[in-house]
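In what follows, a single structure is set out as structure tokens and then discussed.
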Amino acid sequence: MKWFARTITSKTILVGVENIVYQKAYDVFRQLFVSFDEQKQGEDSLYDYKIIIYYDNSTSNSINAPLHNDDLSEYYICCNVMNNQWIFFLLCDLEEIFIHTMDCTVLHGAGLVFRNKTILLLGDRKNGKTTLLQYLLSKENSGYMDDDNIFVLHDYVFGFCRPIPIRNIDVCVEPSIISTTIDGDNCTRTLCRTCNNVTSLTKVDYVFFPKYIGKSSTIDTCSKLQGGLFFDKLLKNVRHSTNISTLYSDLKYISMNAKGFYFEYTSSEDAYEIIDDILKS
């Protein structure tokens, strides 16, 4: 059994991966737990939550709700490594566990540090956030937080640095491919590793709401978001929250202390130029 642990503020998550599962997707697990520390004696470690990932060839071809004990401190994820979607199921199960064990506001979007600024990329699905994220990470002075879920903890945000799942790998810049899987829409996802991973908690500097408009004749637009409009845009991208009071406090802090922008773009290069101009202004 391979053991990994990560402490975030006062909570420690301990993960154990059965060797047969770990060896089946070695590169995926290396990225999946890059924000964790490897433990030599996991069973004896102190933890608030424990996750056991084990092999089971009888699991069905659907996402399996993780099993847990009565006090919700231990979770069990079974993996049928003969199923070509097993990595996708695993990522989904871990995502749900992380969301509920962290007990905080979660935004659906990507996060990175770029030129020493913490940036969130939020917006609807299929607006090119993942492709744009990968493009920005190919530049110097960039660091990866997460692609799908950004955790808001009071004044700070953090991610779990999970593998980046890319639909159209052909448009990406020098991707470091570690595996492929099939997602819930039955589309092939190429999983990629990132080199510079941000595992610390950090405060948000910019929030971008990019919208990919394809090969349009429309001139790329960019507008600054402030006040209630900025808050409402954040609110529409909430994936999970513990209670209304905490949610309001978290989003109010971001909307008051970070700069928000909405822009439309036709390519990652165009989006990069827009972001570059904003950061320089």
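To be explicit about the labels: the chains of the structure tokens are called A, B, and onward in the order shown, and within each one the residues are counted from 1, while ligands get numbers from 1 in the order they are shown.
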
Apply DSSP to the structure's backbone, then extract all residues of range 18-253 of chain A labelled strand (DSSP E) and return them as a VMD selection string.
-> chain A and resid 37 to 39 49 to 55 67 to 68 74 to 79 105 to 114 117 to 122 142 to 146 149 to 153 156 to 158 164 to 166 176 to 182 188 to 193 206 to 212 222 to 225 238 to 240

Which residues come within 10 Å of Leu132 in chain A, counting only C-alpha atoms, excluding same-chain residues fewer than 6 positions away, as a list in words?
-> Ala110, Leu121, Ser138, Val171, Cys172, Pro210, Tyr212, Ser267, Ser268, Glu269, Ala271 and Tyr272 of chain A

Spatial neighbours of range 91-103 of chain A, max dist 9 Å, only C-alpha atoms, sep filter under 4 positions, as an NGL selection string | :A and (8 or 11 or 13 or 32 or 49 or 51 or 63-66 or 72-73 or 75 or 77 or 86-87 or 149 or 151 or 153 or 160 or 162 or 239-242)

Same residues, C-alpha atoms, output as a PDB file, in the first residue's frame:
ATOM      1  CA  ILE A   8      -4.618  21.963   5.092  1.00  0.00           C
ATOM      2  CA  LYS A  11      -7.325  19.065   8.658  1.00  0.00           C
ATOM      3  CA  ILE A  13      -6.232  13.864   4.694  1.00  0.00           C
ATOM      4  CA  LEU A  32      -2.831  13.288  -8.460  1.00  0.00           C
ATOM      5  CA  TYR A  49     -10.017  11.794   7.034  1.00  0.00           C
ATOM      6  CA  ILE A  51      -9.287   7.458   1.900  1.00  0.00           C
ATOM      7  CA  ILE A  63     -19.365   6.358 -11.217  1.00  0.00           C
ATOM      8  CA  ASN A  64     -19.377   4.662  -7.837  1.00  0.00           C
ATOM      9  CA  ALA A  65     -20.396   6.662  -4.792  1.00  0.00           C
ATOM     10  CA  PRO A  66     -17.493   6.238  -2.357  1.00  0.00           C
ATOM     11  CA  LEU A  72     -17.670   9.970   7.707  1.00  0.00           C
ATOM     12  CA  SER A  73     -13.962  10.005   8.531  1.00  0.00           C
ATOM     13  CA  TYR A  75     -13.821   6.583   2.618  1.00  0.00           C
ATOM     14  CA  ILE A  77     -12.972   3.808  -3.476  1.00  0.00           C
ATOM     15  CA  TRP A  86     -11.776   3.635 -14.215  1.00  0.00           C
ATOM     16  CA  ILE A  87      -9.438   6.630 -13.962  1.00  0.00           C
ATOM     17  CA  ASN A 149     -12.277  23.022  -8.453  1.00  0.00           C
ATOM     18  CA  PHE A 151     -11.341  25.802  -2.763  1.00  0.00           C
ATOM     19  CA  LEU A 153     -10.998  29.048   2.695  1.00  0.00           C
ATOM     20  CA  PHE A 160      -5.231  19.767  -5.343  1.00  0.00           C
ATOM     21  CA  ARG A 162      -5.034  17.127 -10.193  1.00  0.00           C
ATOM     22  CA  ARG A 239     -19.850  24.371  -7.031  1.00  0.00           C
ATOM     23  CA  HIS A 240     -20.378  23.789  -3.312  1.00  0.00           C
ATOM     24  CA  SER A 241     -20.822  25.769  -0.098  1.00  0.00           C
ATOM     25  CA  THR A 242     -21.256  24.916   3.571  1.00  0.00           C
TER      26      THR A 242
END

Those of range 82-276 of chain A in DSSP helix (DSSP H, G or I), formatted as a VMD selection string | chain A and resid 86 to 102 129 to 137 169 to 171 227 to 235 244 to 257 268 to 276

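If you measure from each of A:Pro165, A:Gly159, A:Pro175, A:Gly227 to Val34 in chain A using only C-alpha atoms, the closest one turns out to be A:Gly159.
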
What does the distance from CA of Asp250 in chain A to CA of Val204 in chain A come to in Å, to one decimal?
-> 11.3 Å

Separating CA of Leu107 in chain A from CA of Ser179 in chain A, to the nearest tenth of an Å, is a gap of 25.9 Å

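The smallest atom-to-atom distance between Met1 in chain A and any of A:Lys203, A:Lys24, A:Lys40, A:Lys139, using only C-alpha atoms, is found for A:Lys40.
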
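Taking CA of Ile166 in chain A and CA of Arg189 in chain A as endpoints, the distance between them is 5.3 Å.
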